[in-house]
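One structure is given below, encoded as structure tokens.
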Amino acid sequence: MRELLTICCLFWLTMSVAQNDEVRGKVVNAENDFPLSNVHVVNLNQVVGTITNDKGEFLISAKPNDTLYFSFIGFKSMQVRVTNDMLKFQNIEIGMTELAYALEEVVVRPFQLTGYLDIDSKNIPINRSSRYRIPGLNLGYEAGSRNPGAFAKALGSIFNPADMLHNIFGKRPQQMRKLRKMKQDDEIRELLASKFDRETLMAMLQVDKTEIEDILRNCNYSDSFIQTANDLQILDAINDCYEEYKVLNREN
């Protein structure tokens with residue numbers, strides 16, 4: 001009977017530990033403890049996300065040593081390492097700090113319209129970057145210009161896996177595998193669609209902003225796209241380029 005009781009206790013303890021695979025908490029304004037709703041919470045290791053409710057509460061899958069990334073417009077993004085105590089006691093409180101924005105003077109130079117369509121249409125700036133489509137591949141490539149060497153540049157980037165793309169992708173296979181998971185999580189996609197600062201991408205892929213721009217340029221995306229695209233568009237562009245890199249790398 002004693003042995004049976006011991007086995008039952010061990011089984012109960014094991015089940016209790018196994019069930020603590022989620023972190024429950026609350027996000028507040030660090031200055032006044034006011035609950036923050038719609039804060040994006042992302043587990044950078046498991047690549048899953050959620051948002052806080054109207055009481056600032058959240059529940060997300062997590063294990064010890066996972067990193068949770070908190071992001072909210074107007075507040076400084078932050079990362080929190082998951083500990084055993086957080087999983088055991090739950091109901092943690094995360095305080096986020098507001099950002100102080102300094103508005104800079106912006107000089108706006110509107111186009112002077114003449115009223116003549118032929119003249120005004122020529123003065124409107126347009127994106128002169130060309131995209132090329134290769135038979136057999138589903139994606140196009142943006143060469144960034146219309147000069148005679150642009151097409152050759154695009155082909156060179158596609159069929160040369162030993163260039164910077166190889167150096168960046170090849171050294172970070174684990175981080176790049178997250179791309180597909182990021183595309184499949186609706187909460188993460190919603191977060192990225194509203195951001196233009198690349199912070200979330202940098203945190204999840206463990207690359208800096210310069211490396212992200214290098215990846216896109218070597219995938220033949222123009223500077224105009226790199227500067228104006230939101231983080232979700234950047235994610236899709238990097239993912240598409242990485243998928244093609246993997247195919248070409250297997251063939252070489």
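To be explicit about the labels: the chains of the structure tokens are called A, B, and onward in the order shown, and within each one the residues are counted from 1, while ligands get numbers from 1 in the order they are shown.
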
message: Which residues are near A:Val47? Cut-off 12 Å, only C-alpha atoms, ignore same chain within fewer than 5 positions. Put them as a PyMOL selection string.
response: chain A and resi 41-42+60-62+66-69+174-189+200-201+203-205

message: Need the shell around A:Leu232: protein/DNA/RNA residues with any atom at most 10 Å away, counting only C-alpha atoms. Skip same-chain ones fewer than 2 positions apart. Format as a count of residues only?
response: 20

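Of the residues listed (A:Asn65, A:Asn53, A:Ser71, A:Asn218), A:Ser71 shows the shortest atom-to-atom separation from A:His40; distances use only C-alpha atoms.
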
- request: Measure the distance from atom CA of A:Gln206 to atom CA of A:Pro173 in Å and round it to one decimal.
  value: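 One can read the atom CA of A:Gln206 to atom CA of A:Pro173 distance as 11.2 Å.
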
query: Separation of atom CA of A:Glu31 and atom CA of A:Glu57, in Å?
result: 17.6 Å

task: Give me, please, the distance in Å between atom CA of A:Thr97 and atom CA of A:Phe72, quoted to one decimal.
output: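 Computed distance, atom CA of A:Thr97 to atom CA of A:Phe72, equals 9.9 Å.
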
Residue nearest A:Asn38 among A:Gln227, A:Ser77, A:Asn84, A:Thr52 (counting only C-alpha atoms):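 The closest residue to A:Asn38 is A:Thr52.
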
- prompt: If we count only C-alpha atoms, what is near A:Lys76 at a cut-off of 10 Å, once residues fewer than 5 positions away on the same chain are taken out, given as a list of chain:residue names?
  reply: A:Phe70, A:Ser71, A:Met96, A:Thr97, A:Glu98, A:Leu99, A:Ala100
